[in-house]
Each structure stands twice: as structure tokens, then as C-alpha cells.
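Undergrad: Provided below: query-v3.csv, containing CSV, C-alpha atoms.
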chain,number,residue,atom,x,y,z
A,3,MET,CA,0.8,24.8,16.6
A,4,SER,CA,2.8,26.2,13.6
A,5,ASP,CA,5.7,24.0,12.3
A,6,GLU,CA,9.2,25.3,12.6
A,7,ASN,CA,9.5,25.8,8.8
A,8,SER,CA,6.1,27.5,8.3
A,9,SER,CA,5.9,31.1,7.3
A,10,GLY,CA,3.3,33.6,6.3
A,11,ASN,CA,4.6,33.8,2.7
A,12,GLU,CA,5.0,30.0,2.0
A,13,ARG,CA,3.3,28.5,-1.1
A,14,LYS,CA,-0.3,27.5,-0.7
A,15,ARG,CA,-0.6,24.0,0.6
A,16,SER,CA,-2.9,21.2,-0.8
A,17,HIS,CA,-5.4,19.5,1.4
A,18,ARG,CA,-3.2,16.3,1.2
A,19,GLU,CA,-0.2,18.3,2.6
A,20,VAL,CA,-2.4,19.7,5.4
A,21,ALA,CA,-3.6,16.2,6.2
A,22,ASP,CA,0.0,14.9,6.3
A,23,THR,CA,1.0,17.6,8.7
A,24,LEU,CA,-2.0,17.1,11.0
A,25,ARG,CA,-1.5,13.3,10.8
A,26,ASP,CA,2.1,13.6,12.0
A,27,ARG,CA,1.0,15.8,14.9
A,28,ILE,CA,-1.5,13.2,16.0
A,29,ARG,CA,0.9,10.3,15.7
A,30,ARG,CA,3.6,12.2,17.6
A,31,GLY,CA,1.0,12.9,20.4
A,32,ASP,CA,1.2,16.7,19.8
A,33,ILE,CA,-2.6,16.5,19.7
A,34,ALA,CA,-3.5,13.7,22.2
A,35,ALA,CA,-6.1,11.0,21.8
A,36,GLY,CA,-9.5,12.4,22.8
A,37,ASP,CA,-8.4,16.1,22.3
A,38,GLN,CA,-10.5,18.4,20.3
A,39,MET,CA,-9.0,19.5,17.0
A,40,PRO,CA,-8.5,23.3,16.4
A,41,THR,CA,-11.4,24.9,14.6
A,42,GLN,CA,-11.4,25.0,10.9
A,43,SER,CA,-11.0,28.8,10.8
A,44,ARG,CA,-7.9,28.5,13.1
A,45,LEU,CA,-6.4,25.8,10.9
A,46,ALA,CA,-7.2,27.8,7.7
A,47,GLU,CA,-5.4,30.8,9.2
A,48,GLU,CA,-2.4,28.7,10.3
A,49,PHE,CA,-1.9,27.0,6.9
A,50,HIS,CA,-2.9,30.0,4.8
A,51,VAL,CA,-5.6,28.1,2.9
A,52,GLU,CA,-9.4,28.2,2.4
A,53,ARG,CA,-11.6,26.5,4.9
A,54,GLY,CA,-12.7,24.1,2.1
A,55,THR,CA,-9.1,22.8,2.0
A,56,ILE,CA,-9.2,22.2,5.7
A,57,ARG,CA,-12.5,20.3,5.4
A,58,GLN,CA,-11.0,18.0,2.8
A,59,ALA,CA,-7.9,17.4,5.0
A,60,LEU,CA,-10.0,16.6,8.0
A,61,ARG,CA,-12.2,14.3,5.9
A,62,ILE,CA,-9.1,12.3,5.0
A,63,LEU,CA,-8.1,11.9,8.6
A,64,HIS,CA,-11.7,10.9,9.5
A,65,GLU,CA,-11.7,8.2,6.8
A,66,GLU,CA,-8.4,6.9,8.3
A,67,GLY,CA,-10.0,6.6,11.7
A,68,LEU,CA,-7.8,9.3,13.3
A,69,LEU,CA,-10.7,11.7,14.0
A,70,THR,CA,-14.2,11.3,15.3
A,71,GLU,CA,-17.2,12.7,13.3
A,72,ALA,CA,-17.5,16.5,13.8
A,73,THR,CA,-20.9,17.7,15.3
A,74,ARG,CA,-22.7,20.9,14.6
A,75,GLY,CA,-20.9,23.7,16.4
A,76,ALA,CA,-18.1,21.4,17.7
A,77,PRO,CA,-14.8,20.4,16.0
A,78,ALA,CA,-13.9,16.7,15.5
A,79,ARG,CA,-11.8,15.0,18.2
A,80,VAL,CA,-8.8,12.8,17.9
A,81,ALA,CA,-9.9,9.2,18.1
A,82,ALA,CA,-9.6,7.6,21.6
A,83,THR,CA,-7.5,4.8,19.9
A,84,VAL,CA,-5.3,6.0,17.1
A,85,PRO,CA,-4.8,3.3,14.4
A,86,SER,CA,-1.3,2.0,14.1
A,87,ALA,CA,0.9,3.9,11.7
A,88,ALA,CA,2.0,0.9,9.8
A,89,GLY,CA,-0.6,-1.8,9.4
A,90,GLY,CA,-1.2,-2.8,13.0
A,91,ASP,CA,-4.6,-3.6,14.6
A,92,PRO,CA,-6.1,-0.3,15.8
A,93,ALA,CA,-7.2,-1.8,19.1
A,94,THR,CA,-4.1,-3.8,20.0
A,95,GLY,CA,-1.3,-2.4,17.8
A,96,ARG,CA,-0.4,-5.9,16.8
A,97,PRO,CA,0.5,-6.8,13.2
A,98,GLN,CA,-2.4,-8.0,11.1
A,99,GLN,CA,-2.8,-10.4,8.2
A,100,THR,CA,-1.9,-8.9,4.8
A,101,LEU,CA,-5.5,-8.9,3.6
A,102,SER,CA,-6.6,-6.8,6.5
A,103,ALA,CA,-3.7,-4.5,6.9
A,104,LEU,CA,-2.5,-3.7,3.3
A,105,GLY,CA,-5.7,-2.0,2.1
A,106,PRO,CA,-5.7,0.9,4.6
A,107,ARG,CA,-2.0,1.6,4.2
A,108,LEU,CA,-2.3,1.6,0.4
A,109,THR,CA,-5.3,3.9,0.6
A,110,GLN,CA,-3.2,6.4,2.7
A,111,ALA,CA,-0.4,6.1,0.2
A,112,PHE,CA,-2.7,7.2,-2.5
A,113,SER,CA,-3.4,10.5,-0.7
A,114,ALA,CA,-0.1,11.7,-2.0
A,115,ASP,CA,0.0,13.8,-5.2
A,116,ASP,CA,2.6,11.5,-6.8
A,117,VAL,CA,2.1,7.9,-5.7
A,118,ARG,CA,4.9,5.4,-6.0
A,119,ILE,CA,4.3,1.7,-5.1
A,120,ASP,CA,7.0,-0.9,-5.2
A,121,ALA,CA,6.0,-4.5,-4.6
A,122,LEU,CA,7.9,-7.8,-4.5
A,123,SER,CA,5.8,-11.0,-4.1
A,124,LEU,CA,5.0,-14.5,-5.3
A,125,THR,CA,1.9,-13.2,-7.2
A,126,ALA,CA,0.1,-9.8,-7.4
A,127,GLU,CA,-3.0,-11.1,-5.5
A,128,SER,CA,-2.7,-9.1,-2.3
A,129,LEU,CA,-1.8,-5.9,-4.1
A,130,MET,CA,-4.7,-6.4,-6.6
A,131,LEU,CA,-7.2,-6.9,-3.8
A,132,ALA,CA,-5.8,-4.0,-1.7
A,133,MET,CA,-6.1,-1.7,-4.7
A,134,THR,CA,-9.9,-1.8,-4.5
A,135,GLU,CA,-10.4,1.0,-1.9
A,136,PRO,CA,-8.1,3.6,-3.4
A,137,LEU,CA,-9.5,3.0,-6.8
A,138,LYS,CA,-13.0,3.4,-5.4
A,139,LEU,CA,-12.1,6.7,-3.8
A,140,ILE,CA,-10.6,8.0,-7.1
A,141,HIS,CA,-13.7,7.0,-9.0
A,142,GLU,CA,-15.8,8.8,-6.4
A,143,ASN,CA,-13.6,11.9,-7.0
A,144,ARG,CA,-12.6,11.9,-3.3
A,145,ILE,CA,-8.9,11.7,-4.1
A,146,LYS,CA,-7.0,12.4,-7.3
A,147,PRO,CA,-3.2,11.9,-7.4
A,148,HIS,CA,-1.4,13.6,-10.2
A,149,SER,CA,0.6,10.4,-11.0
A,150,VAL,CA,0.7,6.7,-10.0
A,151,THR,CA,3.9,4.7,-10.6
A,152,VAL,CA,3.8,1.0,-9.7
A,153,ARG,CA,6.7,-1.4,-10.0
A,154,VAL,CA,6.2,-5.1,-9.3
A,155,LEU,CA,8.7,-7.9,-9.0
A,156,LEU,CA,7.4,-11.4,-9.5
A,157,PRO,CA,9.2,-14.8,-10.1
A,158,ALA,CA,10.1,-15.6,-13.6
A,159,ARG,CA,8.0,-18.1,-15.5
A,160,ASN,CA,10.8,-20.6,-16.3
A,161,ILE,CA,12.5,-21.0,-12.9
A,162,GLU,CA,11.9,-24.0,-10.6
A,163,LEU,CA,9.9,-22.5,-7.7
A,164,ALA,CA,10.6,-23.6,-4.1
A,165,PHE,CA,6.8,-23.1,-3.6
A,166,PRO,CA,4.2,-23.7,-4.7
A,167,LYS,CA,5.5,-27.1,-5.5
A,168,GLY,CA,4.0,-30.5,-6.0
A,169,VAL,CA,4.7,-33.1,-3.3
A,170,GLY,CA,4.4,-36.2,-5.4
A,171,PRO,CA,6.2,-37.2,-8.5
A,172,GLY,CA,4.8,-35.8,-11.7
A,173,GLU,CA,2.7,-33.2,-9.9
A,174,GLY,CA,5.0,-30.2,-10.3
A,175,GLY,CA,4.0,-29.3,-13.9
A,176,LEU,CA,0.3,-28.8,-13.0
A,177,VAL,CA,1.1,-26.9,-9.8
A,178,HIS,CA,3.5,-24.6,-11.7
A,179,GLN,CA,1.0,-24.0,-14.5
A,180,ARG,CA,-1.6,-23.1,-11.9
A,181,TRP,CA,0.8,-20.6,-10.3
A,182,LEU,CA,1.7,-19.1,-13.7
A,183,GLN,CA,-1.9,-18.6,-14.6
A,184,GLN,CA,-2.6,-16.8,-11.3
A,185,ARG,CA,0.6,-14.7,-11.6
A,186,ASN,CA,-0.4,-13.5,-15.1
A,187,SER,CA,-4.2,-13.0,-14.6
A,188,GLN,CA,-3.8,-11.1,-11.3
A,189,GLY,CA,-1.0,-9.0,-12.7
A,190,GLN,CA,-3.2,-8.2,-15.8
A,191,VAL,CA,-6.2,-7.2,-13.6
A,192,LEU,CA,-3.9,-4.9,-11.5
A,193,LYS,CA,-2.4,-3.3,-14.6
A,194,ASN,CA,-5.7,-2.8,-16.4
A,195,ASN,CA,-7.4,-1.3,-13.4
A,196,LEU,CA,-4.6,1.2,-12.9
A,197,ASN,CA,-4.2,2.1,-16.6
A,198,ASN,CA,-7.9,2.8,-16.8
A,199,LEU,CA,-7.3,5.8,-14.5
A,200,ARG,CA,-5.5,7.5,-17.4
A,201,ARG,CA,-8.5,7.3,-19.5
A,202,THR,CA,-11.2,8.0,-16.9
A,203,HIS,CA,-9.4,10.6,-14.7
A,204,GLY,CA,-6.4,11.9,-16.7
A,205,ILE,CA,-3.9,10.5,-14.1
A,206,ASP,CA,-0.4,9.8,-15.4
A,207,VAL,CA,-0.1,6.0,-14.7
A,208,SER,CA,2.9,3.7,-15.1
A,209,VAL,CA,2.8,0.0,-14.3
A,210,THR,CA,5.8,-2.1,-14.9
A,211,PHE,CA,6.7,-5.8,-14.1
A,212,ARG,CA,10.1,-7.4,-13.9
A,213,ALA,CA,11.0,-11.1,-13.3
A,214,LEU,CA,12.9,-12.4,-10.3
A,215,PRO,CA,15.3,-15.3,-10.9
A,216,PHE,CA,14.4,-16.9,-7.5
A,217,THR,CA,11.4,-17.7,-5.3
A,218,PRO,CA,10.9,-14.7,-2.8
A,219,PRO,CA,10.8,-15.9,0.8
A,220,LEU,CA,8.8,-12.8,1.8
A,221,LYS,CA,6.6,-10.2,0.3
A,222,LEU,CA,7.7,-6.5,0.5
A,223,TYR,CA,5.9,-3.3,-0.2
A,224,VAL,CA,7.4,0.2,-0.3
A,225,PHE,CA,5.0,3.1,-0.5
A,226,ASN,CA,6.2,6.6,-1.6
A,227,GLY,CA,9.7,5.9,-0.3
A,228,ALA,CA,8.3,6.6,3.2
A,229,GLU,CA,6.8,3.3,4.4
A,230,ALA,CA,7.8,-0.3,4.1
A,231,LEU,CA,5.7,-3.4,4.9
A,232,PHE,CA,6.8,-7.0,4.7
A,233,ALA,CA,5.5,-10.4,5.5
A,234,TYR,CA,7.2,-13.8,5.7
A,235,TYR,CA,5.7,-16.5,3.5
A,236,THR,CA,4.8,-19.5,5.7
A,237,VAL,CA,4.9,-22.7,3.7
A,238,ALA,CA,2.4,-25.5,4.5
A,239,LYS,CA,1.3,-28.7,2.8
A,240,ARG,CA,-2.2,-28.6,1.4
A,241,GLN,CA,-4.4,-30.1,-1.3
A,242,GLU,CA,-6.1,-28.6,-4.3
A,243,GLU,CA,-8.0,-30.0,-7.2
A,244,ILE,CA,-6.4,-28.9,-10.5
A,245,GLU,CA,-7.9,-30.2,-13.8
A,246,GLU,CA,-10.0,-32.7,-11.9
A,247,ILE,CA,-6.8,-34.1,-10.2
A,248,ASN,CA,-6.5,-33.8,-6.4
A,249,LEU,CA,-2.9,-32.6,-5.9
A,250,GLU,CA,-0.9,-32.3,-2.8
A,251,MET,CA,1.5,-29.3,-2.7
A,252,TYR,CA,3.7,-27.1,-0.6
A,253,ASP,CA,2.3,-23.6,-0.9
A,254,ALA,CA,2.2,-20.3,0.9
A,255,LEU,CA,-1.0,-18.6,1.9
A,256,GLY,CA,0.1,-15.1,1.0
A,257,THR,CA,-3.0,-13.1,1.9
A,258,GLU,CA,-2.9,-14.6,5.5
A,259,SER,CA,0.8,-13.7,6.1
A,260,VAL,CA,1.3,-11.3,9.0
A,261,LEU,CA,2.3,-7.9,7.8
A,262,PHE,CA,4.9,-5.8,9.6
A,263,GLY,CA,5.2,-2.1,8.9
A,264,PHE,CA,7.8,0.6,9.3
A,265,GLU,CA,7.4,4.4,8.6
A,266,SER,CA,10.2,6.8,8.1
A,267,ALA,CA,8.5,9.4,10.3
A,268,ALA,CA,8.4,6.9,13.3
A,269,GLY,CA,12.1,7.4,14.1
A,270,PRO,CA,15.7,6.6,13.0
A,271,ARG,CA,15.2,2.8,13.3
A,272,ASP,CA,12.1,2.7,11.2
A,273,LYS,CA,13.6,5.1,8.7
A,274,ALA,CA,16.7,2.9,8.3
A,275,PHE,CA,14.5,-0.1,7.6
A,276,VAL,CA,12.4,1.8,5.0
A,277,ASP,CA,15.6,3.2,3.3
A,278,GLN,CA,17.2,-0.2,3.2
A,279,SER,CA,14.1,-1.9,1.8
A,280,ALA,CA,13.8,0.7,-0.9
A,281,ASN,CA,17.5,0.3,-1.8
A,282,TRP,CA,17.2,-3.5,-1.8
A,283,PHE,CA,14.2,-3.3,-4.2
A,284,ASP,CA,16.0,-0.9,-6.5
A,285,ALA,CA,19.1,-3.1,-6.5
A,286,LEU,CA,17.1,-6.1,-7.6
A,287,TRP,CA,15.1,-4.1,-10.1
A,288,ASN,CA,18.3,-2.7,-11.8
A,289,THR,CA,20.5,-5.7,-11.7
A,290,ILE,CA,19.5,-9.4,-11.7
A,291,THR,CA,15.9,-9.1,-12.8
A,292,SER,CA,14.6,-9.3,-16.4
A,293,GLY,CA,11.7,-8.0,-18.4
A,294,LEU,CA,8.4,-9.7,-17.7
A,295,THR,CA,5.5,-9.9,-20.2
A,296,LEU,CA,2.2,-11.0,-18.7
A,297,SER,CA,0.3,-13.4,-21.1
What does the file become when written as C-alpha cells?

TA:
Amino acid sequence: MSDENSSGNERKRSHREVADTLRDRIRRGDIAAGDQMPTQSRLAEEFHVERGTIRQALRILHEEGLLTEATRGAPARVAATVPSAAGGDPATGRPQQTLSALGPRLTQAFSADDVRIDALSLTAESLMLAMTEPLKLIHENRIKPHSVTVRVLLPARNIELAFPKGVGPGEGGLVHQRWLQQRNSQGQVLKNNLNNLRRTHGIDVSVTFRALPFTPPLKLYVFNGAEALFAYYTVAKRQEEIEEINLEMYDALGTESVLFGFESAAGPRDKAFVDQSANWFDALWNTITSGLTLS
């Protein structure tokens, strides 16, 4: 069961590193669905850690749905159906809507010691909502990353958006103002919730926004440089009441967009997609975007 690079005198591993190694074995099929996990004492001996570290690692995998509950005297088993590695439905493996798929993937990303989240989207709504679970686990002292770095690309306030956009003449101003208020308020909530971790838990937090000079046709998330998730914005005509005026607009329902995921560990094709997504994000961040102040 030992990895090729493991040795008896290697540095002591954290419970997150142990969980990462065991997770990879499960996803590769080295430990098959339904198989019993090695005992805690055997894992502790293999990884050269205390049994408490193993228990914490197994707890992470159980919360991710990869392991069944351990019973008295018997180790946990690998779940009969292993959840998709990148946002798919655990039962079918098919991609899910953003609101369902993003939270679990973000929670797993927060199991790293140094968390890095890059996001490009029309507003920060999906990321703000998905942040609920990892923040809850941190406040419950079940996970505690050393640092959290979040970079978010959003459309600039003064560009003419392709969507949302009013259908009728004279409606564009109210629709644009509504989007701008949502962009700013959701971004502020996201930023404040994360910055509070510095005060409450001593976590090194950095949250930065930059402005895109165009309307993004898709949303993209890159987690820890190892996983990329994206969803196409599907534009539809709908109505909404704004300032007591019933407006017709072209809009995208971002939280309902189907999210597709790729993990570097899943193979060369996935790794290439993740690497290119990260490079594309960095290129936008460092070139044609500008500073963004939420107000």
C-alpha cells in the first residue's frame, strides 16, 4: 500500500495530506468500491503518524461520501458508489447544476493547507453561496487552512453587457443597475465572510477583485491549481419587476448552469484542461483587466 516515494524517514504528514493520498487511491480503484479500508493502526504505521491523524483523515473522506461509517471493531468501507471527482452526480456521474455541484468541490478544496480559488463569472452569487459549507467547517474547527487566497474576475461596471440586457427601449439602464447592485453586494458578502476568518481563526486571507472589459460567456473556477470547473451561461428571455416596473430582459440563470469538472489527477487530458484554464485566468488577470472596487 505504500507509495513509491514514501520512506521511513520522510517528514510527518498532516491529516489533509493523508486524506489526499487515500482519496487518490480510492479514485484510481486501488481500493475498490465496497472494500474495507486498512485498520487505523496499519495506516498509522504506513504514514508514520499518530492514529489521531488517521482518524481526522478518514473523517474527511467520510464527509466527502467516499467512506461508509465505521462500526465498532470494523474499519470503514469504501462507498459502493464513489462520488464523481469533479462535480458529477454521485449516482449517475453526470454533470450537475452549479448550485448542487460547486459546494462539495469547494469544500474539498478547503481541505488543503494553502487554499487558492480563482473565479471568473458574471456575479459572485454562486461562489458566495458555495462558500457556506467550508466556512461552516472552519467555524466548527473541523478544518483550518493556513491561508486562503481568492481572486475573482467580474465584468466592469461601465461596459455594455451582452446580458443581462433589457429587451425593450429604455429598459437597459434599470437592468444594468440591478446587475451592478447584485455584483457589488454579493462580492462584498463574499469578501467580508472570508476576511472574518483572519479575525476569528488567525487564517491568512487575501480576497481580490479585478474587472473584465467584456461579458463572460461562461463561468470558470480553478481550485488550488489542480481542478477546473466551468459552465456555459445559457441566455433566456424572462421578466422581473424592478422599481415597480415589470421589465423584460435577456438574462443568464447562473446557479442553474451545468458545471463540468476536470482534475489534474484524472489523467493527461484533464491535466491539460486544468493547466490551460489556470493559464487563461492568469493571462486575463495580468493583462486586460483593471482594478475593481466594490461599492

Undergrad: With all atoms listed in the file as the basis for distance, which of A:His178, A:Leu155, A:Asn195, A:Asp115 is at the shortest distance from Thr134 (chain A)?

TA: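 With all atoms listed in the file as the atom set, the closest residue is A:Asn195.
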
Undergrad: Quote the spacing between CA of Gly204 (chain A) and CA of Thr295 (chain A) in Å to one decimal place.

TA: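 These two atoms are separated by 25.1 Å.
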
Undergrad: Report the distance between CA of Asp272 (chain A) and CA of Asp22 (chain A) in Å, rounded to one decimal place.

TA: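 So the two atoms, CA of Asp272 (chain A) and CA of Asp22 (chain A), lie 17.9 Å apart.
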
Undergrad: Pick from A:Ala114, A:Pro219, A:Met130, A:Leu182: nearest to Ile161 (chain A), with only C-alpha atoms counted?

TA: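 Comparing A:Ala114, A:Pro219, A:Met130, A:Leu182 against Ile161 (chain A), the winner is A:Leu182.
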
Undergrad: Skip region 60-77 of chain A itself and residues of its chain fewer than 5 positions away, then list as a ChimeraX atom specification all residues within 10 Å of it, counting all atoms listed in the file.

TA: /A:17-18,20-22,24-25,28-29,35-42,54-55,82-86,92,106-107,109-110,113,144-145

Undergrad: Counting all atoms listed in the file, note down every residue that has an atom within 7 Å of the point (4.4, 0.2, -10.5) (file coordinates), as a ChimeraX atom specification.

TA: /A:118-120,151-154,208-210

Undergrad: Please return as a list in words every residue within 7 Å of (1.2, 13.2, -12.3), taking into account all atoms listed in the file and the file's own coordinates.

TA: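 Residues lying no farther than 7 Å from the given point: Asp116, Pro147, His148, Ser149, Val150, Ile205 and Asp206 of chain A.
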
Undergrad: Suppose you want the space between CA of Thr125 (chain A) and CA of Pro157 (chain A); what is it in Å?

TA: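 Atom-to-atom, CA of Thr125 (chain A) to CA of Pro157 (chain A), that is 8.0 Å.
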
Undergrad: Which one of A:Val224, A:Leu104, A:Val177, A:Leu255 sits closest to Lys273 (chain A) if you count all atoms listed in the file?

TA: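 Of all the options, A:Val224 lies closest to Lys273 (chain A).
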
Undergrad: Between A:Arg212, A:Asn226, A:Glu19, A:Ala268, which residue has the minimum interatomic distance to Val51 (chain A), considering all atoms listed in the file?

TA: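 Comparing A:Arg212, A:Asn226, A:Glu19, A:Ala268 against Val51 (chain A), the winner is A:Glu19.
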
Undergrad: I'd like to know which of A:Gly227, A:Val237, A:Gly31, A:Ala59 is closest to Ser266 (chain A), using all atoms listed in the file.

TA: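 Looking only at the distances to Ser266 (chain A), the closest residue turns out to be A:Gly227.
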
Undergrad: Which region 159-242 of chain A residues have any atom within 7 Å of an atom of region 246-251 of chain A, and for each, what is the nearest pair of atoms with distance in Å to one decimal, counting all atoms listed in the file, rows sorted by chain and number, as JSON lines?

TA:
{"residue": "A:Pro166", "atom": "CA", "partner": "A:Met251", "partner_atom": "CA", "distance": 6.5}
{"residue": "A:Lys167", "atom": "CA", "partner": "A:Met251", "partner_atom": "CA", "distance": 5.4}
{"residue": "A:Gly168", "atom": "CA", "partner": "A:Met251", "partner_atom": "CA", "distance": 4.3}
{"residue": "A:Val169", "atom": "CA", "partner": "A:Met251", "partner_atom": "CA", "distance": 5.0}
{"residue": "A:Glu173", "atom": "CA", "partner": "A:Leu249", "partner_atom": "CA", "distance": 6.9}
{"residue": "A:Lys239", "atom": "CA", "partner": "A:Met251", "partner_atom": "CA", "distance": 5.5}
{"residue": "A:Arg240", "atom": "CA", "partner": "A:Met251", "partner_atom": "CA", "distance": 5.6}
{"residue": "A:Gln241", "atom": "CA", "partner": "A:Glu250", "partner_atom": "CA", "distance": 4.4}
{"residue": "A:Glu242", "atom": "CA", "partner": "A:Leu249", "partner_atom": "CA", "distance": 5.4}

Undergrad: Residues within 9 Å of Leu261 (chain A), please, as number ranges by chain. Count all atoms listed in the file; anything in the same chain fewer than 3 positions from it doesn't count.

TA: A: 89-90, 97-101, 103-104, 221, 231-234, 258

Undergrad: So that I can check the surroundings of Asn160 (chain A), please list as a VMD selection string every protein, DNA and RNA residue that reaches within 12 Å of it, counting all atoms listed in the file and ignoring chain neighbours fewer than 2 positions away.

TA: chain A and resid 156 to 158 162 to 163 175 178 to 179 181 to 182 213 to 217 292 294

Undergrad: Choose the residue, out of A:Leu139, A:Ala78, A:Ala34, A:Val207, that has the smallest atom-to-atom separation from Leu192 (chain A); count all atoms listed in the file.

TA: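 Counting all atoms listed in the file, the residue closest to Leu192 (chain A) is A:Val207.
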